[in-house]
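Reproduced below: data.cif, with mmCIF, C-alpha atoms.
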data_entry
#
loop_
_atom_site.label_atom_id
_atom_site.label_comp_id
_atom_site.auth_asym_id
_atom_site.auth_seq_id
_atom_site.Cartn_x
_atom_site.Cartn_y
_atom_site.Cartn_z
CA GLN A 1 -2.99 0.27 -17.48
CA VAL A 2 -0.33 -0.35 -14.90
CA GLN A 3 0.25 -3.93 -13.72
CA LEU A 4 0.94 -4.39 -10.01
CA VAL A 5 2.54 -7.43 -8.35
CA GLU A 6 2.79 -7.71 -4.58
CA SER A 7 5.27 -9.80 -2.61
CA GLY A 8 6.58 -10.18 0.92
CA GLY A 9 3.54 -11.54 2.72
CA GLY A 10 3.74 -14.45 5.13
CA LEU A 11 3.21 -15.71 8.65
CA VAL A 12 4.61 -13.71 11.56
CA GLN A 13 4.11 -13.67 15.31
CA ALA A 14 2.43 -10.77 17.03
CA GLY A 15 4.91 -7.97 17.62
CA GLY A 16 6.93 -8.93 14.58
CA SER A 17 7.60 -7.13 11.31
CA LEU A 18 7.13 -7.67 7.59
CA ARG A 19 7.92 -5.58 4.54
CA LEU A 20 5.62 -5.79 1.56
CA SER A 21 6.76 -4.79 -1.92
CA CYS A 22 4.76 -3.91 -5.00
CA ALA A 23 6.42 -3.88 -8.39
CA ALA A 24 4.74 -1.88 -11.13
CA SER A 25 5.10 -2.40 -14.86
CA GLY A 26 5.86 0.31 -17.37
CA ARG A 27 8.10 3.37 -17.48
CA THR A 28 5.74 5.93 -15.98
CA PHE A 29 5.62 4.77 -12.37
CA SER A 30 6.08 8.32 -11.12
CA SER A 31 2.78 9.23 -12.81
CA TYR A 32 0.86 7.27 -10.20
CA ALA A 33 0.11 8.00 -6.58
CA MET A 34 0.24 4.64 -4.83
CA GLY A 35 -1.32 2.96 -1.86
CA TRP A 36 -2.10 -0.17 0.08
CA ALA A 37 -5.40 -1.62 1.22
CA ARG A 38 -6.33 -4.83 3.02
CA GLN A 39 -9.22 -7.22 3.32
CA ALA A 40 -9.74 -9.58 6.23
CA PRO A 41 -11.98 -12.65 5.95
CA GLY A 42 -15.64 -11.67 6.06
CA LYS A 43 -14.85 -7.96 6.02
CA GLU A 44 -14.82 -5.22 3.43
CA ARG A 45 -11.60 -3.99 1.88
CA GLU A 46 -10.18 -1.06 3.83
CA PHE A 47 -7.69 1.69 3.11
CA VAL A 48 -4.30 1.29 4.82
CA ALA A 49 -1.83 3.85 3.49
CA ALA A 50 -0.98 6.02 0.48
CA ILE A 51 1.92 8.00 -0.91
CA SER A 52 2.13 10.85 -3.37
CA ARG A 53 3.85 10.68 -6.74
CA SER A 54 6.73 12.68 -5.27
CA GLY A 55 7.06 10.33 -2.31
CA THR A 56 7.10 13.28 0.07
CA SER A 57 3.50 13.06 1.27
CA THR A 58 1.90 10.08 3.00
CA TYR A 59 -1.43 9.26 4.61
CA TYR A 60 -2.38 6.43 6.96
CA ALA A 61 -5.46 4.83 8.39
CA ASP A 62 -5.72 5.44 12.14
CA SER A 63 -5.46 1.70 12.79
CA VAL A 64 -1.90 1.52 11.42
CA LYS A 65 -0.56 5.00 12.12
CA GLY A 66 2.75 4.83 13.96
CA ARG A 67 3.27 1.15 13.10
CA PHE A 68 3.27 1.05 9.28
CA THR A 69 5.38 3.10 6.89
CA ILE A 70 4.77 3.47 3.17
CA SER A 71 7.59 4.44 0.84
CA ARG A 72 8.43 4.32 -2.84
CA ASP A 73 11.43 4.11 -5.14
CA ASN A 74 10.52 5.65 -8.48
CA ALA A 75 13.78 4.43 -10.03
CA LYS A 76 12.81 0.83 -9.20
CA ASN A 77 9.08 1.18 -9.97
CA THR A 78 8.36 -0.15 -6.49
CA VAL A 79 6.28 0.84 -3.51
CA TYR A 80 6.81 -0.64 -0.06
CA LEU A 81 4.86 -1.12 3.14
CA GLN A 82 6.96 -1.64 6.24
CA MET A 83 4.79 -3.16 8.95
CA ASN A 84 6.04 -3.18 12.54
CA SER A 85 4.45 -4.18 15.84
CA LEU A 86 2.04 -6.42 13.99
CA LYS A 87 -1.17 -7.51 15.68
CA PRO A 88 -3.47 -10.47 14.97
CA GLU A 89 -6.07 -7.98 13.71
CA ASP A 90 -3.64 -7.01 10.93
CA THR A 91 -4.23 -10.43 9.37
CA ALA A 92 -5.60 -9.87 5.86
CA VAL A 93 -4.86 -9.99 2.18
CA TYR A 94 -2.92 -6.85 1.36
CA TYR A 95 -3.43 -5.17 -2.00
CA CYS A 96 -1.27 -2.65 -3.81
CA ALA A 97 -3.12 0.11 -5.66
CA ALA A 98 -2.44 2.93 -8.11
CA THR A 99 -4.37 6.02 -9.10
CA SER A 100 -5.05 6.92 -12.72
CA PRO A 101 -1.85 8.19 -14.40
CA GLY A 102 -1.22 11.85 -13.84
CA TYR A 103 -4.21 12.23 -11.51
CA GLY A 104 -3.72 15.05 -9.06
CA SER A 105 -0.64 17.11 -8.39
CA TRP A 106 2.86 15.83 -7.74
CA TRP A 107 2.01 16.02 -4.02
CA TYR A 108 -1.54 14.65 -4.16
CA THR A 109 -2.07 11.84 -1.64
CA PRO A 110 -5.05 9.48 -1.89
CA SER A 111 -7.11 8.96 1.24
CA MET A 112 -9.78 6.45 0.26
CA LEU A 113 -10.27 3.33 -1.83
CA ALA A 114 -12.24 5.20 -4.51
CA ASP A 115 -9.12 7.23 -5.34
CA PHE A 116 -7.47 4.17 -6.88
CA GLY A 117 -8.06 2.76 -10.34
CA SER A 118 -5.71 -0.23 -10.55
CA TRP A 119 -5.17 -3.10 -8.13
CA GLY A 120 -2.77 -5.97 -7.66
CA GLN A 121 -3.73 -9.56 -6.90
CA GLY A 122 -2.86 -9.33 -3.21
CA THR A 123 -0.51 -11.03 -0.77
CA GLN A 124 -1.56 -12.81 2.41
CA VAL A 125 -0.33 -11.56 5.78
CA THR A 126 -1.09 -13.71 8.81
CA VAL A 127 -0.22 -12.59 12.33
CA SER A 128 -0.38 -15.27 15.02
CA SER A 129 -1.03 -14.48 18.67
#

Do you think you could lay out the structure here as structure tokens?
Amino acid sequence: QVQLVESGGGLVQAGGSLRLSCAASGRTFSSYAMGWARQAPGKEREFVAAISRSGTSTYYADSVKGRFTISRDNAKNTVYLQMNSLKPEDTAVYYCAATSPGYGSWWYTPSMLADFGSWGQGTQVTVSS
């Protein structure tokens, strides 16, 4: 099973930017479609963004579309989430996620939490108003 470690969270003012990174263990990173989810205090975990194994297809929740960008570097076993124009309602613990290895085509892009089988421990993002 792939091990996922997130980094890059922190405190930022509204309107600011952060870039989250997720490093994956193992030599088969390109076997996994990847994604990000978040969980705010007192709320359920929600889907944020996903990217295909190829890196050419992405999918975003409506709440972050146009502000967040997901990308991946298969040579570095890393997936990123660039977050711009941050809002206080973006405050949450952000989790990196991976599908089962080899699940779906090279261009398959997850669109819901149930598509993922492995999760990281999370990184806190706090946006002050």

If you count all atoms listed in the file, which residues fall within 9 Å of Ala14 of chain A, apart from same-chain ones fewer than 5 positions away, as a list in words? Ser85, Leu86, Lys87, Pro88, Val127, Ser128 and Ser129 of chain A

Write out the residues from the selection above, keeping C-alpha atoms, as a PDB file, in the coordinates of the input.
ATOM      1  CA  SER A  85       4.450  -4.180  15.840  1.00  0.00           C
ATOM      2  CA  LEU A  86       2.040  -6.420  13.990  1.00  0.00           C
ATOM      3  CA  LYS A  87      -1.170  -7.510  15.680  1.00  0.00           C
ATOM      4  CA  PRO A  88      -3.470 -10.470  14.970  1.00  0.00           C
ATOM      5  CA  VAL A 127      -0.220 -12.590  12.330  1.00  0.00           C
ATOM      6  CA  SER A 128      -0.380 -15.270  15.020  1.00  0.00           C
ATOM      7  CA  SER A 129      -1.030 -14.480  18.670  1.00  0.00           C
TER       8      SER A 129
END

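Applied to the shown file, the PyMOL selection byres ((chain A and resi 113) around 12) selects the residues Met34, Gly35, Trp36, Ala37, Arg38, Gln39, Glu44, Arg45, Glu46, Phe47, Val48, Ala49, Ala50, Ala61, Tyr95, Cys96, Ala97, Ala98, Thr99, Thr109, Pro110, Ser111, Met112, Ala114, Asp115, Phe116, Gly117, Ser118 and Trp119 of chain A.
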
Which residue is closest to Ile51 of chain A? Choose from A:Ser71, A:Ser7, A:Ser63, A:Ser105 and count all atoms listed in the file.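 When distances to Ile51 of chain A are compared using all atoms listed in the file, the smallest one comes from A:Ser71.
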
Given the PyMOL selection byres ((chain A and resi 53) around 9) and the file above, list the residues it selects as a list in words.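 Evaluating the PyMOL selection byres ((chain A and resi 53) around 9) on this file yields Phe29, Ser30, Ser31, Tyr32, Ala33, Met34, Ile51, Ser52, Ser54, Gly55, Thr56, Ser57, Arg72, Asn74, Gly102, Ser105, Trp106, Trp107, Tyr108 and Thr109 of chain A.
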
d(atom CA of Thr123 of chain A, atom CA of Gly26 of chain A) in Å: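 Those two atoms sit 21.1 Å apart.
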
Evaluate the PyMOL selection byres ((chain A and resi 67) around 8) and report residues as a VMD selection string: chain A and resid 64 to 66 68 to 69 83 to 86

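Atom CA of Gln1 of chain A to atom CA of Lys76 of chain A spans 17.8 Å [interatomic distance, one decimal].
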
To one decimal in Å, tell me the separation between atom CA of Gln3 of chain A and atom CA of Lys43 of chain A. 25.2 Å

Among the residues A:Tyr60, A:Ala92, A:Gln121, A:Tyr103, the one that comes closest to Pro41 of chain A [using all atoms listed in the file]: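 Distance minimum relative to Pro41 of chain A lands on A:Ala92.
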
Kindly indicate which residue among A:Thr28, A:Ser21, A:Gln82, A:Thr91 lies nearest to Gly120 of chain A, using only C-alpha atoms for the distances.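 Residue with the minimum atom-to-atom distance to Gly120 of chain A: A:Ser21.
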
My list of candidates is A:Ala24, A:Val93, A:Arg19, A:Thr58. Which is closest to Leu4 of chain A when distances are computed with all atoms listed in the file? A:Ala24

Let me know the centre plus edge lengths, in Å and rounded to one decimal, of a box with edges along x, y and z that contains all listed atoms of segment 71-74 of chain A and is padded by 8 Å on every side, as JSON.
{"center_x": 9.5, "center_y": 4.9, "center_z": -3.8, "size_x": 19.8, "size_y": 17.5, "size_z": 25.3}

Residue with smallest distance to Gln13 of chain A - pool A:Ser25, A:Thr126, A:Ser100, A:Asn77, counting all atoms listed in the file: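 Among the listed residues, A:Thr126 lies closest to Gln13 of chain A.
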
Set the distance at 6 Å and use only C-alpha atoms: which residues neighbour Cys22 of chain A once local chain neighbours fewer than 2 positions away are removed? I'd like the list as a VMD selection string. chain A and resid 5 to 6 78 to 79

Complete the atom set of segment 6-31 of chain A to N, CA and C atoms and return it as a PDB file, in the coordinates of the input.
ATOM      1  N   GLU A   6       2.364  -7.791  -5.969  1.00  0.00           N
ATOM      2  CA  GLU A   6       2.790  -7.710  -4.580  1.00  0.00           C
ATOM      3  C   GLU A   6       3.637  -8.915  -4.182  1.00  0.00           C
ATOM      4  N   SER A   7       4.487  -8.711  -3.184  1.00  0.00           N
ATOM      5  CA  SER A   7       5.270  -9.800  -2.610  1.00  0.00           C
ATOM      6  C   SER A   7       5.628  -9.431  -1.177  1.00  0.00           C
ATOM      7  N   GLY A   8       6.107 -10.436  -0.427  1.00  0.00           N
ATOM      8  CA  GLY A   8       6.580 -10.180   0.920  1.00  0.00           C
ATOM      9  C   GLY A   8       5.647 -10.599   2.039  1.00  0.00           C
ATOM     10  N   GLY A   9       4.460 -11.095   1.684  1.00  0.00           N
ATOM     11  CA  GLY A   9       3.540 -11.540   2.720  1.00  0.00           C
ATOM     12  C   GLY A   9       4.029 -12.830   3.367  1.00  0.00           C
ATOM     13  N   GLY A  10       3.367 -13.222   4.449  1.00  0.00           N
ATOM     14  CA  GLY A  10       3.740 -14.450   5.130  1.00  0.00           C
ATOM     15  C   GLY A  10       3.132 -14.539   6.497  1.00  0.00           C
ATOM     16  N   LEU A  11       3.675 -15.475   7.286  1.00  0.00           N
ATOM     17  CA  LEU A  11       3.210 -15.710   8.650  1.00  0.00           C
ATOM     18  C   LEU A  11       4.219 -15.120   9.626  1.00  0.00           C
ATOM     19  N   VAL A  12       3.741 -14.348  10.581  1.00  0.00           N
ATOM     20  CA  VAL A  12       4.610 -13.710  11.560  1.00  0.00           C
ATOM     21  C   VAL A  12       3.911 -13.698  12.916  1.00  0.00           C
ATOM     22  N   GLN A  13       4.691 -13.739  13.976  1.00  0.00           N
ATOM     23  CA  GLN A  13       4.110 -13.670  15.310  1.00  0.00           C
ATOM     24  C   GLN A  13       3.756 -12.232  15.665  1.00  0.00           C
ATOM     25  N   ALA A  14       2.803 -12.096  16.557  1.00  0.00           N
ATOM     26  CA  ALA A  14       2.430 -10.770  17.030  1.00  0.00           C
ATOM     27  C   ALA A  14       3.656 -10.045  17.580  1.00  0.00           C
ATOM     28  N   GLY A  15       3.762  -8.770  17.235  1.00  0.00           N
ATOM     29  CA  GLY A  15       4.910  -7.970  17.620  1.00  0.00           C
ATOM     30  C   GLY A  15       6.021  -7.968  16.582  1.00  0.00           C
ATOM     31  N   GLY A  16       5.913  -8.834  15.607  1.00  0.00           N
ATOM     32  CA  GLY A  16       6.930  -8.930  14.580  1.00  0.00           C
ATOM     33  C   GLY A  16       6.749  -7.919  13.463  1.00  0.00           C
ATOM     34  N   SER A  17       7.593  -8.069  12.433  1.00  0.00           N
ATOM     35  CA  SER A  17       7.600  -7.130  11.310  1.00  0.00           C
ATOM     36  C   SER A  17       7.601  -7.864   9.980  1.00  0.00           C
ATOM     37  N   LEU A  18       7.071  -7.209   8.978  1.00  0.00           N
ATOM     38  CA  LEU A  18       7.130  -7.670   7.590  1.00  0.00           C
ATOM     39  C   LEU A  18       7.263  -6.442   6.698  1.00  0.00           C
ATOM     40  N   ARG A  19       7.885  -6.638   5.542  1.00  0.00           N
ATOM     41  CA  ARG A  19       7.920  -5.580   4.540  1.00  0.00           C
ATOM     42  C   ARG A  19       7.313  -6.099   3.251  1.00  0.00           C
ATOM     43  N   LEU A  20       6.258  -5.456   2.825  1.00  0.00           N
ATOM     44  CA  LEU A  20       5.620  -5.790   1.560  1.00  0.00           C
ATOM     45  C   LEU A  20       6.219  -4.921   0.445  1.00  0.00           C
ATOM     46  N   SER A  21       6.302  -5.517  -0.737  1.00  0.00           N
ATOM     47  CA  SER A  21       6.760  -4.790  -1.920  1.00  0.00           C
ATOM     48  C   SER A  21       5.711  -4.910  -3.004  1.00  0.00           C
ATOM     49  N   CYS A  22       5.664  -3.896  -3.852  1.00  0.00           N
ATOM     50  CA  CYS A  22       4.760  -3.910  -5.000  1.00  0.00           C
ATOM     51  C   CYS A  22       5.519  -3.386  -6.204  1.00  0.00           C
ATOM     52  N   ALA A  23       5.721  -4.256  -7.171  1.00  0.00           N
ATOM     53  CA  ALA A  23       6.420  -3.880  -8.390  1.00  0.00           C
ATOM     54  C   ALA A  23       5.414  -3.507  -9.463  1.00  0.00           C
ATOM     55  N   ALA A  24       5.644  -2.372 -10.098  1.00  0.00           N
ATOM     56  CA  ALA A  24       4.740  -1.880 -11.130  1.00  0.00           C
ATOM     57  C   ALA A  24       5.395  -1.979 -12.498  1.00  0.00           C
ATOM     58  N   SER A  25       4.594  -2.299 -13.490  1.00  0.00           N
ATOM     59  CA  SER A  25       5.100  -2.400 -14.860  1.00  0.00           C
ATOM     60  C   SER A  25       5.147  -1.011 -15.491  1.00  0.00           C
ATOM     61  N   GLY A  26       5.865  -0.919 -16.605  1.00  0.00           N
ATOM     62  CA  GLY A  26       5.860   0.310 -17.370  1.00  0.00           C
ATOM     63  C   GLY A  26       6.931   1.293 -16.947  1.00  0.00           C
ATOM     64  N   ARG A  27       7.052   2.389 -17.713  1.00  0.00           N
ATOM     65  CA  ARG A  27       8.100   3.370 -17.480  1.00  0.00           C
ATOM     66  C   ARG A  27       7.588   4.671 -16.889  1.00  0.00           C
ATOM     67  N   THR A  28       6.316   4.687 -16.471  1.00  0.00           N
ATOM     68  CA  THR A  28       5.740   5.930 -15.980  1.00  0.00           C
ATOM     69  C   THR A  28       5.269   5.787 -14.542  1.00  0.00           C
ATOM     70  N   PHE A  29       6.012   5.030 -13.754  1.00  0.00           N
ATOM     71  CA  PHE A  29       5.620   4.770 -12.370  1.00  0.00           C
ATOM     72  C   PHE A  29       5.400   6.063 -11.600  1.00  0.00           C
ATOM     73  N   SER A  30       6.204   7.057 -11.864  1.00  0.00           N
ATOM     74  CA  SER A  30       6.080   8.320 -11.120  1.00  0.00           C
ATOM     75  C   SER A  30       4.817   9.089 -11.488  1.00  0.00           C
ATOM     76  N   SER A  31       4.050   8.596 -12.454  1.00  0.00           N
ATOM     77  CA  SER A  31       2.780   9.230 -12.810  1.00  0.00           C
ATOM     78  C   SER A  31       1.646   8.815 -11.871  1.00  0.00           C
TER      79      SER A  31
END
